[in-house]
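Just below is one structure, and these are the notes that go with it.
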Amino acid sequence: MSKKALVTGAKGGIGSAITNSLIEAGYRVIAAYFPSNEACARKWFKENNYSEGQVRLYPLDVTDTDYCEEAIATLLQEEGNIDVLVNNAGITRDTTFKRMTAKQWNEVITTNLNSLYNVTHPLFSSMCDSGNARVINISSVNGLKGQFGQANYSAAKAGMLGFTKALAAEGARYGVTVNAIAPGYTSTPMVDDIKPEVLEGIKAEIPMRRLAKPNEVAAAVTFLASDAAAYITGETLSVNGGLYMH
Ligand code: CAA
């Protein structure tokens, strides 16, 4: 039977590439999307010619603790164990801190950081019981280095790294590895939102002088999910073209 992976934010730029990469590696992917994006998710499923065996679309509001608890309990009943969880859902609300509203702060912290509790907690016990599972958190170069205009996002993405290390310590004895990927600026709709002149300045600072391709981030996820990565845990793997070396 195929291994199963749950990917949040699966139809986004990086999420979609992760889904494709895991399918290629033989996984059945539970592709979680925000419930109000149903039509969009169905269109994405069709456009990619996914089969029901390869991908199961799954509505999941990662910001809602009770909803996640119930939806993931149902998922476990229907699918059995989930072998790999990729916490990928994330948003930006970029603005300077002086102008940032509490709403912009809370939306980013809730979606990018609180979601880790909401989605991982209902799965973690069954992952430990299975004796072999992976949690992979999609953080960001901006969680490592901090970014002008992203006090909310940098805080959440840095928080993901602390969570990764703490949970890695707890999961190790059960064969559950917990790692993070810190992508740099990647060709996705999220980066398309940056003003062109600002983006040009950012690109000029990247030693490779280009954005990451989503499949370059996805390849790192699939590696960390693989049996070959069984002894790697609590690690943050940067995929950033040299933008930040730490
Ligand atoms: N460091 C220091 N100063 C900076 C700066 C920086 N990195 N960027 C801008 N400034 C300065 C500007 O020079 C300008 O100074 P003056 O007023 O003296 O000219 C001032 O700050 C205001 O800058 P903007 O004109 O850009 O201000 P704005 O209000 O129009 O826009 C902003 C603010 C929306 C935050 C904009 O600067 C921006 O989009 N920055 C990029 C944010 C970013 O990197 N987002 C990443 C999104 S993708 C993502 O998040 C994925 C991932 O994981 C990598």
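Labels for the structure tokens follow display order: chains A, B, ..., residues from 1 in each chain, ligands from 1.
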So that I can check the surroundings of Asn240 in chain A, please list as a list in words every protein, DNA and RNA residue that reaches within 8 Å of it, counting only C-alpha atoms and ignoring chain neighbours fewer than 5 positions away.
Val141, Ala182, Pro183, Gly184, Tyr185, Ile206 and Ala212 of chain A
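With the cut-off set to 8 Å and only C-alpha atoms and all ligand atoms counted, the residues surrounding ligand 1 are Ile91, Thr92, Asp94, Thr95, Thr96, Ser139, Ser140, Val141, Asn142, Gly143, Gln147, Phe148, Gly149, Gln150, Tyr153, Ala182, Pro183, Gly184, Tyr185, Thr186, Met190, Val191, Asp192, Asp193, Ile194, Lys195, Val198, Leu199 and Ile202 of chain A.
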Which residues in range 75-232 of chain A does DSSP call alpha helix (DSSP H)? List them as an MDAnalysis selection string.
chainID A and resid 75:79 102:109 115:130 141:145 151:171 189:192 196:205 214:225
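Shortest separation to Ile30 in chain A among A:Glu70, A:Asp129, A:Glu107, A:Asp83 occurs at residue A:Asp83, atoms counted being only C-alpha atoms.
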Write out as an NGL selection string which residues come within 10 Å of range 108-115 of chain A when counting only C-alpha atoms, dropping same-chain ones fewer than 4 positions away.
:A and (8 or 61-65 or 68 or 87-94 or 103-104 or 119-121 or 138-139 or 150-160 or 163)
Using only N, CA, C and O atoms, please write the residues we just selected to a file, as a CSV table (one decimal), in the first residue's frame.
```csv
chain,number,residue,atom,x,y,z
A,8,THR,N,-0.8,20.6,3.7
A,8,THR,CA,-1.7,21.8,3.8
A,8,THR,C,-1.3,22.8,2.8
A,8,THR,O,-0.1,22.9,2.4
A,61,ASP,N,-9.7,23.9,7.4
A,61,ASP,CA,-9.4,25.3,7.8
A,61,ASP,C,-8.3,25.2,8.9
A,61,ASP,O,-8.6,24.9,10.1
A,62,VAL,N,-7.1,25.5,8.6
A,62,VAL,CA,-5.9,25.2,9.5
A,62,VAL,C,-5.9,26.2,10.6
A,62,VAL,O,-5.2,26.1,11.6
A,63,THR,N,-6.8,27.3,10.6
A,63,THR,CA,-6.8,28.2,11.6
A,63,THR,C,-7.8,27.9,12.8
A,63,THR,O,-7.8,28.5,13.8
A,64,ASP,N,-8.6,26.8,12.5
A,64,ASP,CA,-9.7,26.5,13.4
A,64,ASP,C,-9.3,25.2,14.2
A,64,ASP,O,-9.4,24.1,13.6
A,65,THR,N,-9.0,25.3,15.5
A,65,THR,CA,-8.5,24.2,16.3
A,65,THR,C,-9.6,23.0,16.3
A,65,THR,O,-9.2,21.9,16.1
A,68,CYS,N,-10.1,21.3,12.9
A,68,CYS,CA,-9.0,20.4,12.6
A,68,CYS,C,-9.0,19.1,13.4
A,68,CYS,O,-8.8,18.0,12.8
A,87,ASN,N,3.4,20.7,6.8
A,87,ASN,CA,2.7,22.0,7.2
A,87,ASN,C,3.2,23.1,6.3
A,87,ASN,O,4.3,23.7,6.5
A,88,ASN,N,2.4,23.3,5.2
A,88,ASN,CA,2.9,24.3,4.2
A,88,ASN,C,2.0,25.5,4.1
A,88,ASN,O,2.4,26.5,3.6
A,89,ALA,N,0.8,25.4,4.6
A,89,ALA,CA,-0.2,26.6,4.4
A,89,ALA,C,0.4,27.8,5.1
A,89,ALA,O,0.9,27.8,6.2
A,90,GLY,N,0.4,28.9,4.3
A,90,GLY,CA,0.9,30.2,4.9
A,90,GLY,C,0.4,31.4,4.1
A,90,GLY,O,0.1,31.2,2.9
A,91,ILE,N,0.4,32.5,4.7
A,91,ILE,CA,0.0,33.7,4.1
A,91,ILE,C,0.9,34.9,4.4
A,91,ILE,O,1.7,34.7,5.4
A,92,THR,N,0.9,35.9,3.7
A,92,THR,CA,1.6,37.2,4.1
A,92,THR,C,0.6,38.3,4.2
A,92,THR,O,-0.4,38.3,3.6
A,93,ARG,N,1.0,39.3,5.1
A,93,ARG,CA,0.3,40.5,5.2
A,93,ARG,C,1.3,41.6,5.4
A,93,ARG,O,1.5,42.1,6.5
A,94,ASP,N,2.1,41.8,4.3
A,94,ASP,CA,3.3,42.6,4.5
A,94,ASP,C,3.0,44.1,4.6
A,94,ASP,O,2.2,44.7,3.9
A,103,LYS,N,-5.0,43.0,13.2
A,103,LYS,CA,-5.7,42.0,12.3
A,103,LYS,C,-4.6,41.4,11.4
A,103,LYS,O,-4.5,40.2,11.3
A,104,GLN,N,-3.7,42.3,10.9
A,104,GLN,CA,-2.6,41.7,10.0
A,104,GLN,C,-1.7,40.9,10.8
A,104,GLN,O,-1.2,39.9,10.3
A,119,VAL,N,-3.0,21.3,13.3
A,119,VAL,CA,-2.9,20.2,12.3
A,119,VAL,C,-2.0,19.1,12.9
A,119,VAL,O,-2.4,17.9,12.7
A,120,THR,N,-1.0,19.4,13.5
A,120,THR,CA,0.0,18.4,14.0
A,120,THR,C,-0.5,17.7,15.2
A,120,THR,O,-0.4,16.4,15.3
A,121,HIS,N,-1.2,18.4,16.1
A,121,HIS,CA,-1.6,17.8,17.4
A,121,HIS,C,-2.5,16.6,17.2
A,121,HIS,O,-2.3,15.5,17.8
A,138,ILE,N,7.2,24.0,6.5
A,138,ILE,CA,7.7,24.9,5.5
A,138,ILE,C,7.8,26.3,6.2
A,138,ILE,O,6.8,27.0,6.3
A,139,SER,N,9.1,26.6,6.6
A,139,SER,CA,9.3,27.9,7.2
A,139,SER,C,9.8,28.9,6.1
A,139,SER,O,9.2,28.9,5.0
A,150,GLN,N,8.0,42.5,7.3
A,150,GLN,CA,7.4,41.2,7.6
A,150,GLN,C,7.6,40.8,9.1
A,150,GLN,O,7.9,39.7,9.4
A,151,ALA,N,7.3,41.8,10.0
A,151,ALA,CA,7.5,41.4,11.4
A,151,ALA,C,6.6,40.3,11.8
A,151,ALA,O,7.0,39.4,12.6
A,152,ASN,N,5.4,40.3,11.3
A,152,ASN,CA,4.4,39.2,11.6
A,152,ASN,C,4.9,37.9,11.0
A,152,ASN,O,5.0,36.8,11.7
A,153,TYR,N,5.2,37.9,9.7
A,153,TYR,CA,5.6,36.7,9.0
A,153,TYR,C,6.9,36.1,9.5
A,153,TYR,O,7.1,34.9,9.7
A,154,SER,N,7.9,37.0,9.7
A,154,SER,CA,9.2,36.5,10.3
A,154,SER,C,9.0,35.9,11.6
A,154,SER,O,9.7,34.9,12.0
A,155,ALA,N,8.2,36.5,12.5
A,155,ALA,CA,7.9,36.0,13.8
A,155,ALA,C,7.3,34.6,13.7
A,155,ALA,O,7.7,33.6,14.4
A,156,ALA,N,6.3,34.4,12.8
A,156,ALA,CA,5.7,33.1,12.7
A,156,ALA,C,6.6,32.1,12.1
A,156,ALA,O,6.7,30.9,12.6
A,157,LYS,N,7.4,32.5,11.1
A,157,LYS,CA,8.3,31.5,10.5
A,157,LYS,C,9.5,31.1,11.4
A,157,LYS,O,10.0,30.0,11.4
A,158,ALA,N,9.9,32.1,12.2
A,158,ALA,CA,10.9,31.7,13.2
A,158,ALA,C,10.3,30.8,14.3
A,158,ALA,O,11.0,29.9,14.8
A,159,GLY,N,9.1,31.1,14.7
A,159,GLY,CA,8.4,30.2,15.6
A,159,GLY,C,8.3,28.8,15.1
A,159,GLY,O,8.4,27.8,15.9
A,160,MET,N,8.1,28.6,13.9
A,160,MET,CA,8.1,27.3,13.3
A,160,MET,C,9.3,26.5,13.5
A,160,MET,O,9.3,25.3,13.7
A,163,PHE,N,9.4,25.3,17.1
A,163,PHE,CA,8.5,24.1,17.2
A,163,PHE,C,9.1,22.9,16.6
A,163,PHE,O,9.0,21.8,17.2
```
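Relative to CA of Ile23 in chain A, CA of Gln54 in chain A is found at 6.5 Å.
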Report as JSON, numbers by chain all protein, DNA and RNA residues lying within 10 Å of Glu235 in chain A, evaluated on only C-alpha atoms, omitting residues in the same chain fewer than 6 positions from it.
{"A": [136, 161, 164, 165, 168, 177, 178, 179, 180, 181, 224]}
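The strand (DSSP E) portion of range 72-213 of chain A consists of Val84, Leu85, Val86, Asn87, Ala133, Arg134, Val135, Ile136, Asn137, Ile138, Val176, Thr177, Val178, Asn179, Ala180, Ile181, Ala182 and Pro183 of chain A, with states taken from DSSP on the backbone.
Ranking A:Ser2, A:Thr101, A:Asn81, A:Ser51 by their shortest atom-to-atom distance to Ala133 in chain A, with only C-alpha atoms included, puts A:Asn81 first.
Computed from the coordinates, the CA of Gly12 in chain A to CA of Tyr244 in chain A distance equals 24.1 Å.
The space between CA of Gly242 in chain A and CA of Ile18 in chain A spans 21.5 Å.
Considering only C-alpha atoms, the residue among A:Val55, A:Ala225, A:Ala25, A:Ala218 positioned nearest to Val239 in chain A is A:Ala218.
Closest approach to Pro189 in chain A from the set A:Ser130, A:Leu6, A:Ile14, A:Met1 is made by A:Ile14, with distances taken over only C-alpha atoms.
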